[in-house]
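Asker: What follows is a structure written as structure tokens; I'll ask about it next.
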Amino acid sequence: MASGTEAVAPSGEEEITDTPGGQKREERLRKFRELHFKRNEARKINHQEVVEEDKRLKLPSNWEAKKARLEYELMVDQKKKECVERGEDYNRVKLLEVSAEDAERWERKKKKKNPDPGFSGYAEAQLRQYQRLTRQIKPDMENYERQRMECGEDFHPTSNSLIHGTHVPSKQSIDRMVEDVEKQIEKRSKYSRRRAYNDDADIDYINERNAKFNKKAERFYGKYTAEIKQNLERGTAV
């Protein structure tokens, strides 16, 4: 009897499993296992991203640009080696890969000599002026040879040379310098012209610095404080 009872039990479990309730339970367990697996995968991926982000934060600020430059240099070296193996000129091969739009853009950049990026500092402005003045210099080889013959060995002075104050500039050089200085004065007067003073304007400042500050505040916040200012002037402010 015991063996018969044991034989009947599995068939009863199969009947329970085959019932609609058992199938739903198995389906829920399967979905639960899938969700559990996805959660573990998401946790693993998130941990990897956190580790990678921490590595990126510890790197220098210019790491991306430096990495891109190093990769480009490696690529160039590899292409040069391939060109040497094929017996080709790397510069010619490189020019063949340049598109017409890129070539035109580079040509436009070359034509823009000493473009004006705006004022960023006195050192940069002085450098720009120096470059502009040096481009205007046209060497006079005849005058150069004449001075070299006149000065002799002192033309290339050493610590023992005494030629200070012996050079007399020509009239053309003086006129050219005067013309350039006048142009600089004229250009400077246009950039640093003083704003006209309005005698009818309200005096709401105590000195020139305070007047500049008030003008700046009026430019940014005047439309928001116009009504308050009018009420204070009329004496009707609450």
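Please note that chains go A, B, ... in the order of the structure tokens, that every chain numbers its residues from 1, and that ligands are numbered from 1 in the order shown.
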List the neighbours of region 171-184 of chain A out to 12 Å using only C-alpha atoms; skip same-chain residues closer than 6 positions along the sequence, and give me the result as a ChimeraX atom specification.

Answerer: /A:129,132-133,136-140,143,190-191

Asker: Could you please take those selected residues and save N, CA and C atoms as an mmCIF file, in the first residue's frame?

Answerer:
```cif
data_model
loop_
_atom_site.group_PDB
_atom_site.id
_atom_site.type_symbol
_atom_site.label_atom_id
_atom_site.label_comp_id
_atom_site.auth_asym_id
_atom_site.auth_seq_id
_atom_site.Cartn_x
_atom_site.Cartn_y
_atom_site.Cartn_z
ATOM 1 N N GLN A 129 51.236 95.045 -32.495
ATOM 2 C CA GLN A 129 51.800 96.271 -33.054
ATOM 3 C C GLN A 129 53.222 96.025 -33.570
ATOM 4 N N ARG A 132 52.962 94.245 -36.838
ATOM 5 C CA ARG A 132 52.508 95.152 -37.892
ATOM 6 C C ARG A 132 53.652 96.054 -38.352
ATOM 7 N N LEU A 133 54.427 96.569 -37.412
ATOM 8 C CA LEU A 133 55.528 97.458 -37.773
ATOM 9 C C LEU A 133 56.638 96.718 -38.526
ATOM 10 N N GLN A 136 55.935 96.204 -42.151
ATOM 11 C CA GLN A 136 56.049 97.410 -42.973
ATOM 12 C C GLN A 136 57.500 97.733 -43.345
ATOM 13 N N ILE A 137 58.432 97.110 -42.662
ATOM 14 C CA ILE A 137 59.843 97.407 -42.934
ATOM 15 C C ILE A 137 60.259 96.784 -44.269
ATOM 16 N N LYS A 138 60.803 97.615 -45.129
ATOM 17 C CA LYS A 138 61.336 97.147 -46.404
ATOM 18 C C LYS A 138 62.847 97.364 -46.381
ATOM 19 N N PRO A 139 63.617 96.298 -46.320
ATOM 20 C CA PRO A 139 65.079 96.470 -46.186
ATOM 21 C C PRO A 139 65.695 97.162 -47.399
ATOM 22 N N ASP A 140 66.557 98.123 -47.107
ATOM 23 C CA ASP A 140 67.304 98.852 -48.137
ATOM 24 C C ASP A 140 68.713 98.265 -48.183
ATOM 25 N N ASN A 143 71.672 100.817 -48.651
ATOM 26 C CA ASN A 143 72.016 101.518 -47.412
ATOM 27 C C ASN A 143 72.696 100.574 -46.427
ATOM 28 N N LYS A 190 40.509 107.573 -31.890
ATOM 29 C CA LYS A 190 39.196 107.030 -32.229
ATOM 30 C C LYS A 190 38.740 106.006 -31.200
ATOM 31 N N TYR A 191 39.678 105.230 -30.659
ATOM 32 C CA TYR A 191 39.305 104.182 -29.715
ATOM 33 C C TYR A 191 39.099 104.722 -28.307
#
```

Asker: Could you work out how far CA of Leu96 (chain A) lies from CA of Lys79 (chain A), giving the answer in Å with one decimal?

Answerer: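 The value is 13.3 Å.
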
Asker: Running DSSP on the backbone, which parts of region 71-162 of chain A land in alpha helix (DSSP H), as a ChimeraX atom specification?

Answerer: /A:71-86,90-96,100-111,122-136,141-151
